[in-house]
file upload17.pdb (PDB, N, CA and C atoms)
ATOM      1  N   MET J 146      67.329  65.493 123.272
ATOM      2  CA  MET J 146      66.146  66.229 122.900
ATOM      3  C   MET J 146      65.186  66.212 124.087
ATOM      4  N   HIS J 147      64.486  67.323 124.308
ATOM      5  CA  HIS J 147      63.519  67.429 125.400
ATOM      6  C   HIS J 147      62.136  67.015 124.904
ATOM      7  N   TYR J 148      61.431  66.266 125.741
ATOM      8  CA  TYR J 148      60.068  65.829 125.428
ATOM      9  C   TYR J 148      59.144  66.176 126.575
ATOM     10  N   LEU J 149      57.968  66.621 126.226
ATOM     11  CA  LEU J 149      56.895  66.818 127.180
ATOM     12  C   LEU J 149      56.010  65.579 127.100
ATOM     13  N   ILE J 150      55.760  64.939 128.225
ATOM     14  CA  ILE J 150      54.951  63.728 128.276
ATOM     15  C   ILE J 150      53.767  63.994 129.192
ATOM     16  N   ALA J 151      52.579  63.637 128.726
ATOM     17  CA  ALA J 151      51.376  63.826 129.535
ATOM     18  C   ALA J 151      50.492  62.598 129.409
ATOM     19  N   TYR J 152      49.703  62.364 130.432
ATOM     20  CA  TYR J 152      48.786  61.239 130.395
ATOM     21  C   TYR J 152      47.445  61.620 130.980
ATOM     22  N   ASP J 153      46.439  60.856 130.593
ATOM     23  CA  ASP J 153      45.093  60.962 131.146
ATOM     24  C   ASP J 153      44.641  59.516 131.351
ATOM     25  N   ILE J 154      44.645  59.074 132.588
ATOM     26  CA  ILE J 154      44.371  57.679 132.924
ATOM     27  C   ILE J 154      43.092  57.621 133.750
ATOM     28  N   ALA J 155      42.145  56.777 133.331
ATOM     29  CA  ALA J 155      40.830  56.706 133.971
ATOM     30  C   ALA J 155      40.848  55.998 135.327
ATOM     31  N   CYS J 156      41.673  54.991 135.485
ATOM     32  CA  CYS J 156      41.682  54.155 136.688
ATOM     33  C   CYS J 156      42.828  54.587 137.614
ATOM     34  N   PRO J 157      42.541  54.882 138.891
ATOM     35  CA  PRO J 157      43.612  55.311 139.808
ATOM     36  C   PRO J 157      44.761  54.305 139.919
ATOM     37  N   LYS J 158      44.461  53.010 139.880
ATOM     38  CA  LYS J 158      45.523  51.998 139.979
ATOM     39  C   LYS J 158      46.458  52.068 138.769
ATOM     40  N   ARG J 159      45.891  52.176 137.573
ATOM     41  CA  ARG J 159      46.726  52.294 136.365
ATOM     42  C   ARG J 159      47.480  53.626 136.378
ATOM     43  N   LEU J 160      46.826  54.668 136.838
ATOM     44  CA  LEU J 160      47.459  55.989 136.911
ATOM     45  C   LEU J 160      48.711  55.923 137.781
ATOM     46  N   ARG J 161      48.615  55.291 138.939
ATOM     47  CA  ARG J 161      49.780  55.177 139.820
ATOM     48  C   ARG J 161      50.909  54.398 139.156
ATOM     49  N   ARG J 162      50.571  53.344 138.442
ATOM     50  CA  ARG J 162      51.600  52.538 137.764
ATOM     51  C   ARG J 162      52.316  53.349 136.689
ATOM     52  N   VAL J 163      51.551  54.085 135.893
ATOM     53  CA  VAL J 163      52.151  54.911 134.836
ATOM     54  C   VAL J 163      52.988  56.021 135.455
ATOM     55  N   ALA J 164      52.482  56.652 136.502
ATOM     56  CA  ALA J 164      53.235  57.718 137.165
ATOM     57  C   ALA J 164      54.555  57.191 137.708
ATOM     58  N   ARG J 165      54.524  56.011 138.333
ATOM     59  CA  ARG J 165      55.745  55.406 138.862
ATOM     60  C   ARG J 165      56.766  55.156 137.750
ATOM     61  N   LEU J 166      56.298  54.642 136.626
ATOM     62  CA  LEU J 166      57.185  54.394 135.488
ATOM     63  C   LEU J 166      57.812  55.698 135.003
ATOM     64  N   LEU J 167      56.983  56.706 134.802
ATOM     65  CA  LEU J 167      57.505  57.969 134.276
ATOM     66  C   LEU J 167      58.463  58.638 135.259
ATOM     67  N   GLN J 168      58.198  58.519 136.555
ATOM     68  CA  GLN J 168      59.087  59.132 137.539
ATOM     69  C   GLN J 168      60.478  58.512 137.510
ATOM     70  N   GLN J 169      60.601  57.301 137.001
ATOM     71  CA  GLN J 169      61.903  56.662 136.880
ATOM     72  C   GLN J 169      62.709  57.213 135.700
ATOM     73  N   HIS J 170      62.030  57.843 134.729
ATOM     74  CA  HIS J 170      62.701  58.253 133.492
ATOM     75  C   HIS J 170      62.516  59.722 133.131
ATOM     76  N   ALA J 171      61.724  60.434 133.904
ATOM     77  CA  ALA J 171      61.442  61.835 133.568
ATOM     78  C   ALA J 171      61.179  62.601 134.855
ATOM     79  N   GLN J 172      61.083  63.901 134.731
ATOM     80  CA  GLN J 172      60.818  64.732 135.894
ATOM     81  C   GLN J 172      59.398  65.282 135.825
ATOM     82  N   ARG J 173      58.690  65.116 136.917
ATOM     83  CA  ARG J 173      57.306  65.593 136.986
ATOM     84  C   ARG J 173      57.296  67.119 136.997
ATOM     85  N   CYS J 174      56.460  67.696 136.130
ATOM     86  CA  CYS J 174      56.260  69.146 136.084
ATOM     87  C   CYS J 174      54.934  69.510 136.741
ATOM     88  N   GLN J 175      53.932  68.696 136.495
ATOM     89  CA  GLN J 175      52.610  68.832 137.106
ATOM     90  C   GLN J 175      52.111  67.428 137.389
ATOM     91  N   LYS J 176      50.889  67.300 137.893
ATOM     92  CA  LYS J 176      50.406  65.976 138.297
ATOM     93  C   LYS J 176      50.478  64.940 137.183
ATOM     94  N   SER J 177      50.145  65.297 135.975
ATOM     95  CA  SER J 177      50.163  64.318 134.884
ATOM     96  C   SER J 177      51.044  64.768 133.719
ATOM     97  N   VAL J 178      52.015  65.624 134.003
ATOM     98  CA  VAL J 178      52.904  66.162 132.971
ATOM     99  C   VAL J 178      54.352  65.974 133.410
ATOM    100  N   PHE J 179      55.154  65.427 132.502
ATOM    101  CA  PHE J 179      56.561  65.149 132.790
ATOM    102  C   PHE J 179      57.435  65.737 131.691
ATOM    103  N   LEU J 180      58.696  65.982 132.036
ATOM    104  CA  LEU J 180      59.689  66.434 131.079
ATOM    105  C   LEU J 180      60.802  65.401 131.048
ATOM    106  N   ALA J 181      61.169  64.968 129.863
ATOM    107  CA  ALA J 181      62.247  63.987 129.707
ATOM    108  C   ALA J 181      63.238  64.486 128.677
ATOM    109  N   THR J 182      64.486  64.195 128.912
ATOM    110  CA  THR J 182      65.528  64.430 127.927
ATOM    111  C   THR J 182      65.997  63.055 127.489
ATOM    112  N   ALA J 183      65.728  62.728 126.251
ATOM    113  CA  ALA J 183      66.011  61.380 125.751
ATOM    114  C   ALA J 183      66.053  61.408 124.230
ATOM    115  N   SER J 184      66.501  60.316 123.671
ATOM    116  CA  SER J 184      66.489  60.176 122.217
ATOM    117  C   SER J 184      65.077  59.772 121.776
ATOM    118  N   PRO J 185      64.743  59.953 120.496
ATOM    119  CA  PRO J 185      63.444  59.489 120.009
ATOM    120  C   PRO J 185      63.231  57.997 120.287
ATOM    121  N   ARG J 186      64.275  57.209 120.140
ATOM    122  CA  ARG J 186      64.167  55.762 120.403
ATOM    123  C   ARG J 186      63.832  55.493 121.875
ATOM    124  N   GLN J 187      64.482  56.215 122.784
ATOM    125  CA  GLN J 187      64.211  56.033 124.213
ATOM    126  C   GLN J 187      62.774  56.430 124.564
ATOM    127  N   ILE J 188      62.270  57.486 123.932
ATOM    128  CA  ILE J 188      60.890  57.903 124.192
ATOM    129  C   ILE J 188      59.928  56.846 123.670
ATOM    130  N   GLN J 189      60.201  56.299 122.492
ATOM    131  CA  GLN J 189      59.342  55.237 121.955
ATOM    132  C   GLN J 189      59.337  54.032 122.892
ATOM    133  N   GLN J 190      60.486  53.664 123.411
ATOM    134  CA  GLN J 190      60.567  52.541 124.343
ATOM    135  C   GLN J 190      59.795  52.825 125.624
ATOM    136  N   LEU J 191      59.900  54.055 126.119
ATOM    137  CA  LEU J 191      59.167  54.430 127.325
ATOM    138  C   LEU J 191      57.657  54.377 127.089
ATOM    139  N   LEU J 192      57.205  54.902 125.940
ATOM    140  CA  LEU J 192      55.782  54.853 125.613
ATOM    141  C   LEU J 192      55.303  53.414 125.429
ATOM    142  N   ASP J 193      56.149  52.566 124.850
ATOM    143  CA  ASP J 193      55.793  51.156 124.700
ATOM    144  C   ASP J 193      55.624  50.491 126.063
ATOM    145  N   ARG J 194      56.505  50.806 126.994
ATOM    146  CA  ARG J 194      56.377  50.248 128.348
ATOM    147  C   ARG J 194      55.113  50.753 129.026
ATOM    148  N   ALA J 195      54.834  52.044 128.872
ATOM    149  CA  ALA J 195      53.626  52.625 129.473
ATOM    150  C   ALA J 195      52.370  52.030 128.852
ATOM    151  N   ALA J 196      52.416  51.738 127.561
ATOM    152  CA  ALA J 196      51.251  51.173 126.874
ATOM    153  C   ALA J 196      50.853  49.826 127.453
ATOM    154  N   GLN J 197      51.794  49.115 128.031
ATOM    155  CA  GLN J 197      51.491  47.832 128.658
ATOM    156  C   GLN J 197      50.732  47.997 129.969
ATOM    157  N   LEU J 198      50.720  49.215 130.515
ATOM    158  CA  LEU J 198      50.087  49.476 131.805
ATOM    159  C   LEU J 198      48.704  50.104 131.688
ATOM    160  N   ILE J 199      48.307  50.496 130.485
ATOM    161  CA  ILE J 199      47.045  51.230 130.320
ATOM    162  C   ILE J 199      46.010  50.404 129.563
ATOM    163  N   GLN J 200      44.796  50.920 129.560
ATOM    164  CA  GLN J 200      43.713  50.398 128.723
ATOM    165  C   GLN J 200      43.520  51.419 127.610
ATOM    166  N   PRO J 201      43.959  51.126 126.372
ATOM    167  CA  PRO J 201      43.928  52.129 125.304
ATOM    168  C   PRO J 201      42.529  52.637 124.967
ATOM    169  N   GLU J 202      41.496  51.887 125.324
ATOM    170  CA  GLU J 202      40.124  52.356 125.065
ATOM    171  C   GLU J 202      39.711  53.439 126.061
ATOM    172  N   GLU J 203      40.406  53.520 127.195
ATOM    173  CA  GLU J 203      40.038  54.455 128.262
ATOM    174  C   GLU J 203      41.116  55.481 128.580
ATOM    175  N   ASP J 204      42.370  55.148 128.314
ATOM    176  CA  ASP J 204      43.503  55.958 128.771
ATOM    177  C   ASP J 204      44.299  56.512 127.593
ATOM    178  N   ARG J 205      45.148  57.476 127.912
ATOM    179  CA  ARG J 205      46.000  58.081 126.889
ATOM    180  C   ARG J 205      47.323  58.510 127.517
ATOM    181  N   ILE J 206      48.409  58.277 126.790
ATOM    182  CA  ILE J 206      49.714  58.828 127.141
ATOM    183  C   ILE J 206      50.330  59.331 125.845
ATOM    184  N   GLN J 207      50.869  60.545 125.884
ATOM    185  CA  GLN J 207      51.426  61.168 124.686
ATOM    186  C   GLN J 207      52.738  61.868 125.022
ATOM    187  N   ALA J 208      53.599  61.985 124.014
ATOM    188  CA  ALA J 208      54.854  62.717 124.163
ATOM    189  C   ALA J 208      55.011  63.658 122.980
ATOM    190  N   TRP J 209      55.507  64.843 123.258
ATOM    191  CA  TRP J 209      55.757  65.842 122.218
ATOM    192  C   TRP J 209      57.203  66.296 122.322
ATOM    193  N   ALA J 210      57.892  66.314 121.195
ATOM    194  CA  ALA J 210      59.261  66.825 121.165
ATOM    195  C   ALA J 210      59.203  68.350 121.234
ATOM    196  N   LEU J 211      60.011  68.918 122.111
ATOM    197  CA  LEU J 211      60.090  70.374 122.202
ATOM    198  C   LEU J 211      61.088  70.876 121.170
ATOM    199  N   ALA J 212      60.869  72.067 120.690
ATOM    200  CA  ALA J 212      61.748  72.645 119.671
ATOM    201  C   ALA J 212      63.181  72.723 120.193
ATOM    202  N   PRO J 213      64.152  72.456 119.331
ATOM    203  CA  PRO J 213      65.554  72.547 119.755
ATOM    204  C   PRO J 213      65.861  73.934 120.308
ATOM    205  N   GLY J 214      66.707  73.957 121.312
ATOM    206  CA  GLY J 214      67.124  75.225 121.902
ATOM    207  C   GLY J 214      66.192  75.752 122.974
ATOM    208  N   GLN J 215      65.058  75.092 123.175
ATOM    209  CA  GLN J 215      64.140  75.537 124.218
ATOM    210  C   GLN J 215      64.671  75.132 125.587
ATOM    211  N   PRO J 216      64.583  76.028 126.572
ATOM    212  CA  PRO J 216      65.064  75.659 127.910
ATOM    213  C   PRO J 216      64.123  74.629 128.536
ATOM    214  N   PRO J 217      64.670  73.629 129.218
ATOM    215  CA  PRO J 217      63.805  72.612 129.806
ATOM    216  C   PRO J 217      62.857  73.165 130.862
ATOM    217  N   GLU J 218      63.202  74.299 131.476
ATOM    218  CA  GLU J 218      62.310  74.866 132.494
ATOM    219  C   GLU J 218      61.145  75.628 131.872
ATOM    220  N   GLY J 219      61.216  75.887 130.565
ATOM    221  CA  GLY J 219      60.110  76.547 129.877
ATOM    222  C   GLY J 219      59.906  77.981 130.321
ATOM    223  N   THR J 220      58.742  78.513 130.035
ATOM    224  CA  THR J 220      58.348  79.858 130.427
ATOM    225  C   THR J 220      57.014  79.742 131.128
ATOM    226  N   GLY J 221      56.832  80.431 132.244
ATOM    227  CA  GLY J 221      55.575  80.268 132.976
ATOM    228  C   GLY J 221      55.161  81.498 133.736
ATOM    229  N   ARG J 222      53.968  81.436 134.250
ATOM    230  CA  ARG J 222      53.397  82.463 135.115
ATOM    231  C   ARG J 222      52.729  81.754 136.273
ATOM    232  N   GLY J 223      52.568  82.457 137.365
ATOM    233  CA  GLY J 223      51.899  81.854 138.512
ATOM    234  C   GLY J 223      52.851  80.935 139.266
ATOM    235  N   LEU J 224      52.289  79.950 139.883
ATOM    236  CA  LEU J 224      53.073  79.024 140.696
ATOM    237  C   LEU J 224      53.736  77.988 139.798
ATOM    238  N   VAL J 225      54.927  78.328 139.312
ATOM    239  CA  VAL J 225      55.671  77.467 138.400
ATOM    240  C   VAL J 225      56.473  76.470 139.217
ATOM    241  N   HIS J 226      56.364  75.196 138.866
ATOM    242  CA  HIS J 226      57.095  74.138 139.558
ATOM    243  C   HIS J 226      58.530  74.118 139.049
ATOM    244  N   PRO J 227      59.515  74.401 139.914
ATOM    245  CA  PRO J 227      60.910  74.375 139.453
ATOM    246  C   PRO J 227      61.358  72.955 139.167
ATOM    247  N   LEU J 228      62.093  72.777 138.097
ATOM    248  CA  LEU J 228      62.601  71.463 137.729
ATOM    249  C   LEU J 228      63.926  71.237 138.429
ATOM    250  N   GLN J 229      63.893  70.431 139.450
ATOM    251  CA  GLN J 229      65.080  70.112 140.212
ATOM    252  C   GLN J 229      65.095  68.622 140.453
ATOM    253  N   PRO J 230      66.173  67.987 140.540
ATOM    254  CA  PRO J 230      67.527  68.511 140.464
ATOM    255  C   PRO J 230      67.919  68.820 139.027
ATOM    256  N   ALA J 231      69.058  69.462 138.869
ATOM    257  CA  ALA J 231      69.508  69.845 137.530
ATOM    258  C   ALA J 231      69.933  68.641 136.719
ATOM    259  N   CYS J 232      70.243  67.537 137.381
ATOM    260  CA  CYS J 232      70.668  66.334 136.662
ATOM    261  C   CYS J 232      70.081  65.105 137.346
ATOM    262  N   VAL J 233      69.548  64.209 136.556
ATOM    263  CA  VAL J 233      69.028  62.946 137.067
ATOM    264  C   VAL J 233      69.661  61.840 136.238
ATOM    265  N   VAL J 234      70.175  60.836 136.881
ATOM    266  CA  VAL J 234      70.742  59.695 136.175
ATOM    267  C   VAL J 234      69.839  58.504 136.429
ATOM    268  N   ALA J 235      69.329  57.922 135.348
ATOM    269  CA  ALA J 235      68.481  56.736 135.445
ATOM    270  C   ALA J 235      69.213  55.605 134.770
ATOM    271  N   GLY J 236      69.750  54.699 135.525
ATOM    272  CA  GLY J 236      70.529  53.617 134.947
ATOM    273  C   GLY J 236      71.898  54.112 134.527
ATOM    274  N   THR J 237      72.619  53.269 133.840
ATOM    275  CA  THR J 237      73.980  53.643 133.442
ATOM    276  C   THR J 237      74.052  54.206 132.036
ATOM    277  N   GLU J 238      72.990  54.000 131.231
ATOM    278  CA  GLU J 238      73.036  54.445 129.837
ATOM    279  C   GLU J 238      72.160  55.663 129.564
ATOM    280  N   LEU J 239      71.289  56.021 130.503
ATOM    281  CA  LEU J 239      70.327  57.089 130.235
ATOM    282  C   LEU J 239      70.572  58.244 131.201
ATOM    283  N   LEU J 240      71.055  59.354 130.681
ATOM    284  CA  LEU J 240      71.263  60.554 131.481
ATOM    285  C   LEU J 240      70.145  61.532 131.139
ATOM    286  N   LEU J 241      69.384  61.903 132.134
ATOM    287  CA  LEU J 241      68.314  62.868 131.949
ATOM    288  C   LEU J 241      68.712  64.192 132.570
ATOM    289  N   PHE J 242      68.469  65.273 131.904
ATOM    290  CA  PHE J 242      68.725  66.618 132.387
ATOM    291  C   PHE J 242      70.196  66.833 132.711
ATOM    292  N   GLY J 243      71.045  66.442 131.787
ATOM    293  CA  GLY J 243      72.492  66.607 131.990
ATOM    294  C   GLY J 243      72.949  68.005 131.727
TER
END

call {"tool": "encode", "arguments": {"input": "upload17.pdb", "output": "structure tokens"}}
result
Amino acid sequence: MHYLIAYDIACPKRLRRVARLLQQHAQRCQKSVFLATASPRQIQQLLDRAAQLIQPEEDRIQAWALAPGQPPEGTGRGLVHPLQPACVVAGTELLLFG
């Protein structure tokens, strides 16, 4: 299943930590927006890990499941960031963008 993940982090140091974590498991679409292909359980685990890096009173990270059958590249206008590479392997059990 495809998920759109976005964050709004107040502190630059925490922002970098969250961005680094997400880059290991998802593909950046914009500065604070990522696309991940994962199971609901994997997304919950990723959000739990990210929650350890933020201050919940100041920061936010959210994930939304995209409707089945939607292309991961989405639909856009203007300067659309291409999602490359077509396949990313993170670890031995998690295949993203297969």

call {"tool": "closest_residue", "arguments": {"input": "upload17.pdb", "among": "J:Trp209, J:Ala196, J:Thr182, J:Arg165", "to": "Met146 of chain J", "atoms": "only N, CA and C atoms"}}
result
J:Thr182

call {"tool": "atom_distance", "arguments": {"input": "upload17.pdb", "atom1": "atom CA of Cys156 of chain J", "atom2": "atom CA of Ala210 of chain J"}}
result
26.7 Å

call {"tool": "atom_distance", "arguments": {"input": "upload17.pdb", "atom1": "atom CA of Ala164 of chain J", "atom2": "atom CA of Ser177 of chain J"}}
result
7.6 Å

call {"tool": "resolve_selection", "arguments": {"input": "upload17.pdb", "expression": "the PyMOL selection byres ((chain J and resi 170) around 6.5)", "output": "ChimeraX atom specification"}}
result
/J:166-169,171-172,180-182,235

call {"tool": "select_by_dssp", "arguments": {"input": "upload17.pdb", "residues": "segment 150-224 of chain J", "states": "strand (DSSP E)", "output": "list in words"}}
result
Ile150, Ala151, Tyr152, Asp153, Gln172, Arg173, Cys174, Gln175, Val178, Phe179, Leu180, Ala181, Thr182, Arg205, Ile206, Gln207, Ala208, Trp209 and Ala210 of chain J
